[in-house]
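Each remark here refers to the structure printed beneath this line.
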Amino acid sequence: MKIRVVQRHGTALKDRLYLPAIWQGLKITATHLLKNVGDIKSVDVLEYPEEQPSDITNRYRGLHRLTHREDGSVRCVACYMCATACPAGCIFIEAAERTDGVDEKMPSRFAIDTLECVFCGYCVEACPCDAIRMDTGIFSLIGSRREDFVLEKEQLLAHKGAFDE
Amino acid sequence: MIEIFVNDQSLHVNEGVLLIEALIQNRIDIPYFCYHEALGMDGNCRMCMVGIEGQKRPQIACDTIVKAGMRVHTTGERIEDVRRRILELELVNHPVDCPICDQAGECKLQDFYMDYGLYDSAVSKGEKVHGAKHVDLGANVMLDQERCVLCARCTRFTCNITKTHELGIIGRGDHARISTMPGRKLSNPYAMNVVDLCPVGALTSKDFRFAQRVWFLSSTPSVCHSCAKGCNIFIDHNAPKYQKERIYRFRPRRNDAVNGHFICDAGRLSYKSLNDHRLTCNNPDAMDRAKALIQAAHNIALLVDANLYCEQLDALVAFAQRIGAQLYCPNQCYYDEGFGDEWLRRPWRAANLAHINTLGITQSTPSEAHDLIISFNHPDLSSLTCKHKIAFSTHEGVEADVVLALRSWAEEAGTLINITA
Ligand code: SF4
Ligand code: SF4
Ligand code: SF4
Ligand code: SF4
Ligand code: FES
């Protein structure tokens with residue numbers, strides 16, 4: 001394994017004291033607090049769930065989906081890149097031989113435990129095949145048992161993208 | 001001993017060795033595909049280029065004998081440029097399908113590309129010459145012709161080492177590829193070694209196929225227990241999240257005094273028995289019942305497995321004295337005449353028979369006079385009849401009055417004495 005030594009940033013006395021930085025942060029908080037208390041009407045409030053958010057953009061990381069190839073088959077090749085990158089270790093893959101001639105390898109199981117997921121999007125970044133995306137715009141998942149939150153391959157394949165490609 | 005200089009650093013090396021050997025022994029980074037310490041040089045991959053002072057062009061380190069005072073450079077702009085171009089040539093027709101390749105993570109092409117490559121490919125995917133993917137060569141070996149770098153390690157193994165000549169390179173230029181003779185399969189008791197020899201993902205194990213990504217595995221050095229030879233191995237294991245620890249494969253571990261770089265296929269696949277049908281817990285009253293049986297018995301036979309470690313056997317000798325039992329290790333069940341051969345495999349299929357001999361343990365079946373047999377994982381307990389039996393066992397399915405779980409050899413540390421003759 002190769003180790004790269006990274007130089008520490010900010011070696012001046014001002015940086016090492018931390019206090020100026022803390023003071024700057026507190027100043028911003030205090031400014032907002034005073035402004036909002038002064039004019040309470042101007043604070044944005046969404047009356048969820050009667051009112052649904054309208055500002056979900058295509059960069060929003062919603063629930064995952066597994067994408068399809070042009071012929072409708074699963075794009076994922078069970079390479080485990082997403083599972084390797086996942087900081088929560090919540091992607092469970094079992095690989096199998098693919099026999100339809102499209103490719104060699106596919107997932108026989110692909111599950112994401114959304115209770116463990118931290119929605120960081122690293123899996124999407126890591127995928128070499130554009131097989132997993134978080135562009136469904138789905139931000140709430142309801143279930144009554146823990147198992148309901150473990151999304152299996154079929155569910156992930158059924159999720160639709162909410163935005164144009 | 002002579003002195004040579006590599007990157008201006010002085011090295012003392014044996015006279016007559018290949019430059020590449022000297023570099024490898026001194027842990028100086030040198031990329032290579034076709035050279036292998038067990039197979040020798042072949043000089044076909046050209047990856048091991050170095051600069052030698054006084055020579056006009058870069059030379060291959062695997063076909064250069066060291067000379068006293070030789071000044072060698074393995075770094076520098078010129079040599080790195082040569083390497084990059086050779087690597088680019090090796091990868092011209094390579095499919096770059098690392099996501100579905102089992103070799104990813106331990107592949108020389110990946111390593112060298114990251115260390116010396118990092119060029120932009122001039123060949124698009126559509127222009128590449130394709131070969132057959134997933135060809136089942138036989139003997140659990142899968143071939144992907146597109147990934148091959150034609151280093152000829154596999155063919156040299158079947159020609160020079162097993163002398164079975166199953167593999168060859170057919171075709172020329174872009175169409176050169178590894179193949180077996182028409183109608184013939186790869187078939188010899190050491191065939192799976194070509195999977196370890198192959199520096200890329202062209203030859204992979206059918207048994208390990210898609211089972212795990214290699215970077216999840218931890219390796220523990222150990223010794224094969226499938227025969228008396230005691231080949232040195234690595235146990236590659238992993239406990240996937242929420243699952244029990246499993247062994248995924250055995251790989252040979254170099255030991256020039258025992259097995260060199262290789263192991264036999266039977267030994268390699270023997271990991272399977274360590275995963276399945278394991279006895280893992282005891283009945284809560286098992287220990288008490290065993291004690292009561294031992295106290296009530298008059299004439300005890302203690303049966304020991306010849307795969308136990310020396311330390312375990314020594315402790316069992318002391319235990320036998322303590323309870324006044326007689327020690328036995330019936331050995332006929334370990335003998336398999338057909339398994340032995342001229343190279344590694346020995347007909348005695350147990351790892352520590354030498355220590356059983358040293359301890360002078362009786363190697364015949366216990367006499368009928370015993371009223372209790374206590375077995376420590378002996379494989380042949382079921383064929384013996386006795387009034388009472390206590391079985392310490394690593395696996396399920398043993399018939400006895402009391403059965404107690406035992407750790408397998410892979411879960412214990414200890415000493416073994418092999419039989420090399
Ligand atoms: S979003 Fe992050 S935590 Fe969730 S599955 Fe992907 S990599 Fe893991
Ligand atoms: S989703 Fe992408 S990264 Fe994850 S296993 Fe499938 S192909 Fe690999
Ligand atoms: S199959 Fe592997 S070992 Fe054989 S020539 Fe090709 S790259 Fe070398
Ligand atoms: S020769 Fe014997 S010790 Fe060596 S790998 Fe084969 S079975 Fe194991
Ligand atoms: S290792 Fe020297 S040419 Fe292949």
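Convention: chains lettered A, B, ... in structure tokens order; per-chain residue numbering from 1; ligands numbered from 1 as shown.
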(request) With only C-alpha atoms and all ligand atoms counted, collect every polymer residue having an atom within 6 Å of ligand 2; state the result as a ChimeraX atom specification. (result) /A:76-82,126-129,131-132
(message) Which residues are near ligand 4 - at most 12 Å, using only C-alpha atoms and all ligand atoms? Format: as a ChimeraX atom specification.
(response) /B:189-193,222-234,250-255,258-271,307,336,339-352,416-420
(message) Going by DSSP on the backbone, which residues of segment 192-365 of chain B come out as strand (DSSP E or B)? List them as an NGL selection string.
(response) :B and (203-205 or 218-223 or 232-238 or 246-252 or 255 or 260 or 278 or 300-304 or 326-328 or 335 or 348 or 362)
(message) Counting only C-alpha atoms, a student should be able to say which residues of chain B come within 12 Å of chain A; what is the right answer, written as a PyMOL selection string?
(response) chain B and resi 96-105+111+114-115+132-135+144+206+208-216+240-243
(message) Give me, as a ChimeraX atom specification, all polymer residues having an atom no more than 12 Å from Thr394 of chain B, counting only C-alpha atoms and skipping those fewer than 2 positions away in the same chain.
(response) /B:273-282,305,307-308,375-379,391-392,396-398,403-412
(message) What residues of the protein or nucleic acid chains come within 12 Å of ligand 3 when you use only C-alpha atoms and all ligand atoms? Reply as a ChimeraX atom specification.
(response) /B:32-36,39,42,44-45,90-91,94,103,107-109,133,135,137,141-158,166-170,176-180,192-204
